[in-house]
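Chemist: File name coords_36.txt; file contents compact mmCIF, C-alpha atoms and all ligand atoms; full text below.
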```
# COMPACT_ATOMS: atom_id res chain seq x y z
CA MET M 1 -42.29 73.64 149.76
CA LYS M 2 -41.52 77.32 149.41
CA ALA M 3 -38.26 79.09 150.17
CA LEU M 4 -40.24 81.31 152.56
CA HIS M 5 -41.12 78.23 154.62
CA ALA M 6 -37.47 77.19 154.79
CA ARG M 7 -36.53 80.67 156.00
CA TYR M 8 -39.25 80.71 158.65
CA PRO M 9 -39.92 77.03 159.47
CA PHE M 10 -41.79 77.84 162.70
CA LEU M 11 -44.70 79.40 160.74
CA ALA M 12 -48.01 77.55 160.77
CA ALA M 13 -47.90 77.62 156.95
CA ALA M 14 -44.49 75.89 156.97
CA ARG M 15 -45.79 73.17 159.27
CA GLU M 16 -48.79 72.68 156.95
CA ALA M 17 -46.47 72.44 153.95
CA VAL M 18 -44.52 69.66 155.67
CA GLU M 19 -47.75 67.86 156.58
CA GLU M 20 -49.08 68.19 153.03
CA ALA M 21 -45.88 66.68 151.68
CA GLU M 22 -46.70 63.60 153.80
CA VAL M 23 -43.11 63.26 154.89
CA ASP M 24 -42.45 60.13 156.92
CA LEU M 25 -40.18 61.09 159.83
CA THR M 26 -38.78 57.57 160.15
CA GLU M 27 -37.56 57.82 156.53
CA LEU M 28 -36.50 61.45 156.88
CA ILE M 29 -34.05 60.70 159.69
CA ARG M 30 -32.21 58.37 157.34
CA GLU M 31 -31.54 61.19 154.87
CA GLU M 32 -27.93 62.15 155.48
CA ALA M 33 -28.19 65.77 154.30
CA VAL M 34 -31.27 66.47 156.40
CA VAL M 35 -29.80 64.94 159.57
CA ALA M 36 -26.45 66.68 159.06
CA ARG M 37 -28.14 70.06 158.67
CA ALA M 38 -30.36 69.35 161.70
CA THR M 39 -27.31 68.49 163.80
CA GLU M 40 -25.57 71.64 162.59
CA ARG M 41 -28.58 73.71 163.65
CA VAL M 42 -28.35 72.39 167.22
CA THR M 43 -24.57 72.27 167.75
CA GLY M 44 -24.20 75.68 166.10
CA ALA M 45 -26.80 77.07 168.49
CA LEU M 46 -24.84 75.70 171.46
CA CYS M 47 -21.36 76.76 170.33
CA GLU M 48 -21.96 79.95 168.41
CA GLY M 49 -25.52 80.99 169.15
CA SER M 50 -26.20 80.52 165.42
CA ILE M 51 -27.91 77.75 163.47
CA GLY M 52 -25.43 78.24 160.61
CA ASP M 53 -25.85 78.97 156.94
CA PRO M 54 -28.97 77.66 155.20
CA HIS M 55 -28.63 74.55 153.04
CA ARG M 56 -28.81 75.21 149.32
CA SER M 57 -31.78 72.88 149.03
CA THR M 58 -35.07 74.38 150.24
CA ARG M 59 -36.35 70.91 151.04
CA VAL M 60 -33.33 69.98 153.18
CA GLU M 61 -33.39 73.33 154.96
CA LEU M 62 -37.09 73.11 155.82
CA LEU M 63 -37.12 69.44 156.80
CA SER M 64 -34.03 69.77 158.96
CA TYR M 65 -36.10 71.94 161.31
CA PRO M 66 -38.44 69.19 162.60
CA VAL M 67 -35.47 66.81 162.82
CA ALA M 68 -33.54 69.39 164.87
CA ARG M 69 -36.54 69.57 167.23
CA VAL M 70 -36.39 65.79 167.58
CA LEU M 71 -32.67 65.99 168.38
CA VAL M 72 -33.22 68.68 170.99
CA SER M 73 -35.99 66.56 172.52
CA LEU M 74 -33.74 63.51 172.73
CA VAL M 75 -30.96 65.52 174.37
CA ASP M 76 -33.61 66.84 176.75
CA GLU M 77 -31.54 69.50 178.53
CA ARG M 78 -33.17 72.83 179.34
CA ILE M 79 -30.11 74.85 178.37
CA CYS M 80 -29.96 73.08 175.00
CA THR M 81 -33.62 73.77 174.26
CA ARG M 82 -33.31 77.43 175.21
CA LYS M 83 -30.13 78.09 173.26
CA TYR M 84 -31.53 76.29 170.23
CA ALA M 85 -34.81 78.24 170.31
CA ARG M 86 -32.92 81.50 170.69
CA ALA M 87 -30.61 80.74 167.75
CA GLU M 88 -33.55 79.83 165.49
CA ALA M 89 -35.30 83.06 166.49
CA ASN M 90 -32.16 85.11 165.97
CA ARG M 91 -31.65 83.77 162.44
CA ALA M 92 -35.30 84.33 161.55
CA ILE M 93 -35.43 87.91 162.78
CA SER M 94 -32.10 88.75 161.12
CA GLN M 95 -33.50 87.54 157.80
CA PHE M 96 -36.74 89.39 158.43
CA GLY M 97 -34.89 92.63 159.17
CA ALA M 98 -32.65 92.26 156.13
CA ALA M 99 -35.65 91.56 153.89
CA ARG M 100 -37.49 94.63 155.22
CA GLY M 101 -34.42 96.75 154.59
CA ALA M 102 -34.11 95.46 151.03
CA ALA M 103 -37.79 96.17 150.37
CA ALA M 104 -37.46 99.68 151.81
CA ASP M 105 -34.44 100.32 149.57
CA LEU M 106 -36.50 99.20 146.58
CA LYS M 107 -34.04 96.39 146.02
CA SER M 108 -36.94 93.99 146.15
CA ASP M 109 -36.79 91.14 143.68
CA ARG M 110 -39.32 88.42 143.14
CA THR M 111 -38.36 86.68 146.37
CA GLU M 112 -41.44 86.08 148.47
CA ARG M 113 -41.12 88.08 151.68
CA LEU M 114 -42.76 87.92 155.05
CA ALA M 115 -44.61 91.16 155.80
CA LEU M 116 -44.70 92.64 159.30
CA ALA M 117 -48.49 92.31 159.30
CA ASP M 118 -48.13 88.59 158.56
CA LEU M 119 -45.68 88.10 161.40
CA LEU M 120 -47.87 90.01 163.88
CA SER M 121 -50.89 88.01 162.75
CA GLU M 122 -48.95 84.73 163.07
CA PHE M 123 -48.42 85.43 166.77
CA ASP M 124 -51.87 86.99 167.40
CA LEU M 125 -50.16 90.33 168.02
CA ALA M 126 -51.98 92.39 165.38
CA SER M 127 -54.33 94.05 167.87
CA ALA M 128 -51.75 94.26 170.70
CA ILE M 129 -49.05 96.11 168.73
CA THR M 130 -49.92 99.25 166.80
CA GLU M 131 -47.74 101.67 164.88
CA ASP M 132 -47.68 105.42 165.35
CA GLU M 133 -45.52 108.19 163.96
CA THR M 134 -42.68 107.64 166.48
CA GLY M 135 -42.59 103.87 166.77
CA TYR M 136 -44.94 101.27 168.19
CA ARG M 137 -47.30 100.92 171.13
CA VAL M 138 -47.60 97.51 172.79
CA ALA M 139 -50.40 96.43 175.14
CA VAL M 140 -48.79 96.16 178.57
CA GLY M 141 -49.73 92.48 179.08
CA THR M 142 -48.18 91.54 175.75
CA TYR M 143 -45.12 93.63 176.55
CA LEU M 144 -44.60 91.85 179.87
CA THR M 145 -44.97 88.44 178.23
CA LEU M 146 -42.46 89.20 175.48
CA ALA M 147 -39.96 91.38 177.37
CA SER M 148 -39.71 89.29 180.55
CA ASP M 149 -36.80 87.26 179.20
CA VAL M 150 -34.96 90.11 177.45
CA TRP M 151 -31.81 91.17 179.22
CA GLY M 152 -31.18 94.86 179.88
CA ASP M 153 -32.42 97.61 182.18
CA GLN M 154 -34.18 99.40 179.37
CA TRP M 155 -36.69 96.56 179.16
CA ARG M 156 -37.87 96.85 182.76
CA LEU M 157 -41.40 98.24 182.80
CA VAL M 158 -40.37 100.87 185.35
CA ASN M 159 -37.99 102.34 182.74
CA ARG M 160 -40.58 102.56 179.95
CA THR M 161 -43.09 105.20 178.93
CA LEU M 162 -46.53 103.79 179.69
CA ALA M 163 -49.85 105.43 178.78
CA ASP M 164 -53.39 104.09 178.56
CA GLY M 165 -52.22 100.53 179.15
CA GLU M 166 -49.68 100.67 176.33
CA VAL M 167 -45.89 100.67 176.36
CA PHE M 168 -44.04 102.79 173.80
CA ILE M 169 -41.19 101.08 171.97
CA GLU M 170 -38.88 102.23 169.23
CA ARG M 171 -38.91 100.65 165.81
CA ALA M 172 -35.68 98.72 166.41
CA GLU M 173 -37.07 97.31 169.66
CA LEU M 174 -40.01 95.73 167.84
CA HIS M 175 -37.62 93.20 166.30
CA THR M 176 -36.37 92.23 169.75
CA LEU M 177 -39.90 91.52 170.93
CA LEU M 178 -40.71 89.59 167.76
CA GLU M 179 -37.54 87.54 168.30
CA GLU M 180 -38.86 86.65 171.74
CA ALA M 181 -42.20 85.60 170.24
CA ILE M 182 -40.39 83.37 167.75
CA ALA M 183 -38.16 81.83 170.43
CA GLN M 184 -41.23 81.03 172.51
CA ARG M 185 -42.89 79.42 169.46
CA VAL M 186 -39.81 77.31 168.65
CA ALA M 187 -39.48 76.11 172.27
CA ARG M 188 -43.19 75.39 172.60
CA GLY M 189 -43.90 71.68 173.01
CA LEU M 190 -40.23 70.76 173.57
CA PRO M 191 -39.16 68.20 174.54
CA LEU M 192 -41.34 66.14 172.23
CA SER M 193 -42.17 62.57 173.10
CA VAL M 194 -39.95 60.69 170.63
CA PRO M 195 -40.67 57.04 169.81
CA GLU M 196 -37.82 54.53 169.90
CA ALA M 197 -38.05 54.06 166.12
CA LEU M 198 -36.84 57.66 165.72
CA ALA M 199 -34.47 57.74 168.68
CA GLU M 200 -32.34 54.72 167.78
CA PRO M 201 -31.15 55.88 164.32
CA LEU M 202 -30.24 59.30 165.77
CA GLU M 203 -28.07 57.98 168.62
CA THR M 204 -24.80 59.15 167.04
CA GLU M 205 -26.09 62.68 166.46
CA VAL M 206 -27.61 62.90 169.94
CA GLU M 207 -24.29 61.80 171.43
CA ALA M 208 -22.48 64.49 169.40
CA VAL M 209 -24.80 67.17 170.75
CA ARG M 210 -24.40 65.84 174.30
CA GLU M 211 -20.61 65.96 173.97
CA THR M 212 -20.80 69.56 172.79
CA LEU M 213 -23.03 70.34 175.74
CA ALA M 214 -20.73 68.52 178.14
CA ASP M 215 -17.76 70.60 176.98
CA LEU M 216 -19.68 73.77 177.76
CA ASP M 217 -21.01 72.41 181.06
CA LEU M 218 -17.53 71.39 182.12
CA THR M 219 -16.32 74.93 181.92
CA ARG M 220 -19.33 76.14 183.90
CA GLU M 221 -18.34 73.84 186.75
CA ILE M 222 -14.93 75.45 187.18
CA ASP M 223 -15.81 77.37 190.36
CA THR M 224 -12.33 78.92 190.51
CA VAL M 225 -11.73 82.66 190.32
CA VAL M 226 -8.19 83.53 189.24
CA PRO M 227 -8.38 86.91 187.46
CA GLU M 228 -4.77 86.70 186.16
CA ARG M 229 -5.92 83.79 184.02
CA PHE M 230 -9.03 85.49 182.58
CA PRO M 231 -9.16 85.83 178.79
CA PRO M 232 -7.98 89.23 177.50
CA CYS M 233 -11.51 90.38 176.69
CA MET M 234 -12.75 89.76 180.24
CA LYS M 235 -9.63 91.27 181.78
CA ALA M 236 -10.30 94.42 179.75
CA LEU M 237 -13.90 94.58 180.97
CA VAL M 238 -12.83 94.13 184.60
CA ASP M 239 -10.25 96.88 184.12
CA SER M 240 -12.94 99.17 182.74
CA ILE M 241 -15.07 98.52 185.80
CA GLN M 242 -12.14 99.18 188.10
CA GLN M 243 -11.48 102.48 186.33
CA GLY M 244 -15.09 103.56 186.78
CA GLU M 245 -15.91 103.52 183.10
CA HIS M 246 -19.49 103.13 181.96
CA LEU M 247 -20.02 99.79 180.23
CA ALA M 248 -22.53 99.27 177.43
CA HIS M 249 -25.29 96.76 178.23
CA HIS M 250 -23.74 94.01 176.10
CA SER M 251 -20.35 94.47 177.78
CA ARG M 252 -21.82 94.40 181.28
CA PHE M 253 -23.83 91.33 180.33
CA ALA M 254 -20.70 89.60 178.98
CA ILE M 255 -18.55 90.15 182.09
CA THR M 256 -21.38 89.38 184.53
CA ALA M 257 -22.32 86.17 182.73
CA PHE M 258 -18.64 85.19 182.62
CA LEU M 259 -18.20 85.77 186.35
CA THR M 260 -21.35 83.79 187.24
CA SER M 261 -20.21 80.97 184.95
CA ILE M 262 -16.91 80.59 186.81
CA GLY M 263 -18.67 80.31 190.15
CA MET M 264 -19.00 83.84 191.55
CA ASN M 265 -22.22 84.49 193.44
CA THR M 266 -24.23 87.68 193.38
CA ASP M 267 -22.65 89.19 196.53
CA GLU M 268 -19.13 88.55 195.24
CA ILE M 269 -19.93 90.20 191.91
CA ILE M 270 -21.50 93.13 193.71
CA ASP M 271 -18.31 93.47 195.76
CA LEU M 272 -16.40 93.67 192.52
CA TYR M 273 -18.77 96.12 190.85
CA MET M 274 -19.18 98.37 193.88
CA VAL M 275 -15.59 99.48 193.36
CA ASN M 276 -17.16 101.58 190.66
CA SER M 277 -19.60 103.98 192.30
CA SER M 278 -21.69 104.21 189.14
CA PHE M 279 -22.95 100.66 189.80
CA GLY M 280 -25.78 100.97 192.31
CA GLU M 281 -26.13 97.87 194.47
CA GLU M 282 -29.85 97.42 193.86
CA MET M 283 -29.51 97.58 190.09
CA THR M 284 -26.40 95.38 190.08
CA ARG M 285 -28.15 92.79 192.25
CA TYR M 286 -31.16 92.79 189.91
CA GLN M 287 -28.97 92.34 186.82
CA THR M 288 -26.79 89.67 188.38
CA ASP M 289 -29.72 87.66 189.78
CA HIS M 290 -31.36 87.88 186.36
CA ILE M 291 -28.29 86.59 184.54
CA ARG M 292 -27.78 83.82 187.11
CA GLY M 293 -31.35 82.63 186.51
CA GLU M 294 -32.47 83.45 190.06
CA THR M 295 -35.14 85.89 188.90
CA SER M 296 -35.57 84.76 185.32
CA PRO M 297 -36.32 81.49 183.57
CA THR M 298 -32.87 81.50 181.98
CA GLU M 299 -29.41 80.86 183.33
CA TYR M 300 -27.44 82.92 180.85
CA THR M 301 -24.07 81.82 179.54
CA PRO M 302 -21.42 84.30 178.42
CA PRO M 303 -21.27 85.18 174.72
CA SER M 304 -19.10 83.18 172.34
CA CYS M 305 -16.01 84.78 170.78
CA ALA M 306 -18.00 85.40 167.58
CA THR M 307 -20.60 87.38 169.50
CA MET M 308 -17.93 89.23 171.49
CA GLN M 309 -16.30 90.18 168.20
CA SER M 310 -19.55 91.44 166.69
CA TYR M 311 -20.07 93.75 169.70
CA GLY M 312 -16.48 95.01 169.71
CA ASP M 313 -15.81 93.32 173.07
CA CYS M 314 -13.09 91.00 171.74
CA VAL M 315 -9.92 92.96 172.49
CA ASN M 316 -6.23 92.20 173.05
CA LYS M 317 -6.42 88.74 171.45
CA ASP M 318 -3.36 86.65 172.14
CA ASP M 319 -1.84 83.40 170.86
CA ILE M 320 -4.11 81.25 173.01
CA CYS M 321 -7.15 82.89 171.43
CA GLU M 322 -5.89 82.18 167.93
CA ASP M 323 -3.92 78.94 168.24
CA VAL M 324 -5.46 77.01 171.14
CA ILE M 325 -9.14 77.82 171.46
CA ASP M 326 -9.53 78.89 167.82
CA GLU M 327 -11.53 81.95 168.88
CA SER M 328 -14.36 79.75 170.11
CA HIS M 329 -15.39 80.79 173.61
CA PRO M 330 -13.90 82.89 176.44
CA LEU M 331 -14.72 80.07 178.89
CA ASN M 332 -12.60 77.69 176.82
CA TYR M 333 -9.72 80.15 177.09
CA TYR M 334 -10.10 80.35 180.87
CA GLU M 335 -10.38 76.59 181.25
CA HIS M 336 -7.22 76.12 179.20
CA ARG M 337 -5.28 78.66 181.33
CA LEU M 338 -6.42 76.89 184.51
CA GLU M 339 -5.39 73.49 183.14
CA GLN M 340 -1.93 74.85 182.30
CA ALA M 341 -1.30 76.11 185.84
CA ASP M 342 0.22 74.23 188.76
CA GLU M 343 -2.20 73.68 191.63
CA ASP M 344 -0.35 76.05 193.98
CA GLU M 345 -0.47 78.82 191.38
CA LEU M 346 -4.26 78.88 191.50
CA VAL M 347 -5.11 81.10 194.43
CA ASP M 348 -8.80 81.84 194.37
CA TRP M 349 -9.61 85.56 194.50
CA ARG M 350 -12.44 84.81 196.97
CA GLU M 351 -10.02 83.19 199.42
CA GLU M 352 -7.68 86.15 199.20
CA ASN M 353 -10.55 88.56 199.76
CA GLY M 354 -12.70 86.58 202.17
CA ASP M 355 -12.78 89.27 204.85
CA GLY M 356 -16.06 90.67 203.55
CA GLU M 357 -14.54 94.00 202.52
CA THR M 358 -14.88 95.34 199.04
CA ALA M 359 -11.95 93.97 197.14
CA GLN M 360 -10.38 94.38 193.76
CA PRO M 361 -9.08 91.54 191.65
S1 LIG M 401 -10.81 85.55 170.94
FE1 LIG M 401 -12.39 85.05 172.43
S2 LIG M 401 -11.30 84.72 174.37
FE2 LIG M 401 -9.89 85.79 173.00
S3 LIG M 401 -10.19 87.99 173.49
FE3 LIG M 401 -11.54 87.51 171.78
S4 LIG M 401 -13.50 86.99 172.73
FE4 LIG M 401 -11.94 86.87 174.33
```
Give the structure from the file, written as structure tokens.

Modeler:
Amino acid sequence: MKALHARYPFLAAAREAVEEAEVDLTELIREEAVVARATERVTGALCEGSIGDPHRSTRVELLSYPVARVLVSLVDERICTRKYARAEANRAISQFGAARGAAADLKSDRTERLALADLLSEFDLASAITEDETGYRVAVGTYLTLASDVWGDQWRLVNRTLADGEVFIERAELHTLLEEAIAQRVARGLPLSVPEALAEPLETEVEAVRETLADLDLTREIDTVVPERFPPCMKALVDSIQQGEHLAHHSRFAITAFLTSIGMNTDEIIDLYMVNSSFGEEMTRYQTDHIRGETSPTEYTPPSCATMQSYGDCVNKDDICEDVIDESHPLNYYEHRLEQADEDELVDWREENGDGETAQP
């Protein structure tokens, strides 16, 4: 088993390496280190959008991947599968990008690296994606397949340069499309049909993942809109909207996903956004429906605190962020603030503004 396989366990070569090792899954799921790492991959994907740091053992790291797929299959929740696949893809493409950068800087050591040509070939993309002097050209059918689930206006075909059946993309955008290809590969075939002999020994781990999922689901069932109790980061984004500031894509995604997660529908969010004249209704409706999963295969959840921090959207942190929710998730903050309030303090913004006029929280 090579380190390269552990870094990219979705590769056909990695699967062959596991098969050649004649690993017995029923024995593997009794290996504590493998199961612990597999569980970490899945719960990390749910909580942080990350599968966590690789295990120091190449064997444990690689073999935890098929066990994680078994866990995801036993949990058998669409949101779990999607978040897990996305986290695996995100880790893989981050490593791929870092390795390419190191090679370009001539910092290359004897570590075996995955070449771009290998990755394109792995996904049968070699003839559909070609490089030119400014970036890459992608066959339109391939583009639509890979970009359909990527959030952001810039990915809509109508906003792209298209010529001779090819879409032009910048170099940085290629990694986004490859990440989509990897996520689709990881999710392919899930949920697996898992025999009882594998399911029974993994009951504790499956229950742990379900509890993690339940915590997140609980917050999504809040259906209460009390802006005074929003976390500081979301309050700041709402303020920016109210002041007519332009929000970066990641910021607009974060606030829209947060608002949908606490029960606001598309029309209510449009009412909020239309306060700012730079938000056209048609575009806002498209983005909101996409995030809510109405026009996309994914119901997006808002970013975790870690992701908010990495994009510079975590601002005005307070004691609750640091001492109560441990900088975990903005929805956890909001849920905590709602739990702390008396019932009569919780006046829903939609009830206060139910006259159909554009209103401001
Ligand atoms: S710690 Fe989390 S909840 Fe608090 S401001 Fe930052 S992102 Fe928001």

Chemist: Within 8 Å of ligand LIG 401 (chain M), counting all atoms listed in the file: which residues, as a JSON list (two decimals) with C-alpha atoms, keeping the file's coordinate frame?

Modeler:
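The result, written out as out_34.json:
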```json
[["chain", "number", "residue", "atom", "x", "y", "z"],
["M", 231, "PRO", "CA", -9.16, 85.83, 178.79],
["M", 232, "PRO", "CA", -7.98, 89.23, 177.50],
["M", 233, "CYS", "CA", -11.51, 90.38, 176.69],
["M", 234, "MET", "CA", -12.75, 89.76, 180.24],
["M", 304, "SER", "CA", -19.10, 83.18, 172.34],
["M", 305, "CYS", "CA", -16.01, 84.78, 170.78],
["M", 306, "ALA", "CA", -18.00, 85.40, 167.58],
["M", 307, "THR", "CA", -20.60, 87.38, 169.50],
["M", 308, "MET", "CA", -17.93, 89.23, 171.49],
["M", 309, "GLN", "CA", -16.30, 90.18, 168.20],
["M", 313, "ASP", "CA", -15.81, 93.32, 173.07],
["M", 314, "CYS", "CA", -13.09, 91.00, 171.74],
["M", 315, "VAL", "CA", -9.92, 92.96, 172.49],
["M", 316, "ASN", "CA", -6.23, 92.20, 173.05],
["M", 317, "LYS", "CA", -6.42, 88.74, 171.45],
["M", 318, "ASP", "CA", -3.36, 86.65, 172.14],
["M", 320, "ILE", "CA", -4.11, 81.25, 173.01],
["M", 321, "CYS", "CA", -7.15, 82.89, 171.43],
["M", 322, "GLU", "CA", -5.89, 82.18, 167.93],
["M", 325, "ILE", "CA", -9.14, 77.82, 171.46],
["M", 326, "ASP", "CA", -9.53, 78.89, 167.82],
["M", 327, "GLU", "CA", -11.53, 81.95, 168.88],
["M", 328, "SER", "CA", -14.36, 79.75, 170.11],
["M", 329, "HIS", "CA", -15.39, 80.79, 173.61],
["M", 330, "PRO", "CA", -13.90, 82.89, 176.44],
["M", 331, "LEU", "CA", -14.72, 80.07, 178.89],
["M", 332, "ASN", "CA", -12.60, 77.69, 176.82],
["M", 333, "TYR", "CA", -9.72, 80.15, 177.09],
["M", 334, "TYR", "CA", -10.10, 80.35, 180.87]]
```

Chemist: Which value, in Å to one decimal, gives the distance between CA of Ser261 in chain M and CA of Thr301 in chain M?

Modeler: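 Computing it gives 6.7 Å between the two atoms.
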
Chemist: Can you list, as a ChimeraX atom specification, every protein, DNA or RNA residue that comes within 10 Å of Glu122 in chain M when you count all atoms listed in the file, leaving out same-chain residues fewer than 2 positions away?

Modeler: /M:10-13,116-120,124-126,181-182

Chemist: Any idea what's packed within 12 Å of Leu213 in chain M, counting all atoms listed in the file, ignoring anything in its chain fewer than 6 positions away? Could you give it as a VMD selection string?

Modeler: chain M and resid 42 to 47 72 75 to 81 83 to 84 206 to 207 219 to 220

Chemist: Could you please determine the separation between CA of Arg37 in chain M and CA of Ser64 in chain M in Å, to one decimal place?

Modeler: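 Between CA of Arg37 in chain M and CA of Ser64 in chain M the gap is 5.9 Å.
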
Chemist: Which one is closest to Asp153 in chain M: M:Gln287, M:Gln242, M:Asn353, M:Gln340? Count all atoms listed in the file.

Modeler: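 Looking only at the distances to Asp153 in chain M, the closest residue turns out to be M:Gln287.
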
Chemist: With distances taken over all atoms listed in the file, which of M:Asp132, M:Val226, M:Ala236, M:Leu259 is nearest to Glu343 in chain M?

Modeler: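 Looking at the shortest contact to Glu343 in chain M, the residue is M:Val226.
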
Chemist: Quick check, in Å to one decimal: how far apart do CA of Ala115 in chain M and CA of Ala38 in chain M lie?

Modeler: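 Distance reported for this atom pair: 26.7 Å.
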
Chemist: Could you give me, as a list in words, the residues that sit within 9 Å of (-38.3, 65.1, 172.0) in the file's coordinates, counting all atoms listed in the file?

Modeler: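 Returned residue set, sorted by chain then number, is Arg69, Val70, Leu71, Val72, Ser73, Leu74, Val75, Asp76, Gly189, Leu190, Pro191, Leu192, Ser193, Val194, Pro195 and Ala199 of chain M.
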
Chemist: Nearest to Asp149 in chain M among M:Leu177, M:Ala98, M:Val186, M:Ile169, with distances taken over all atoms listed in the file: which residue is it?

Modeler: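 Checking each candidate against Asp149 in chain M, we get M:Leu177 as the closest.
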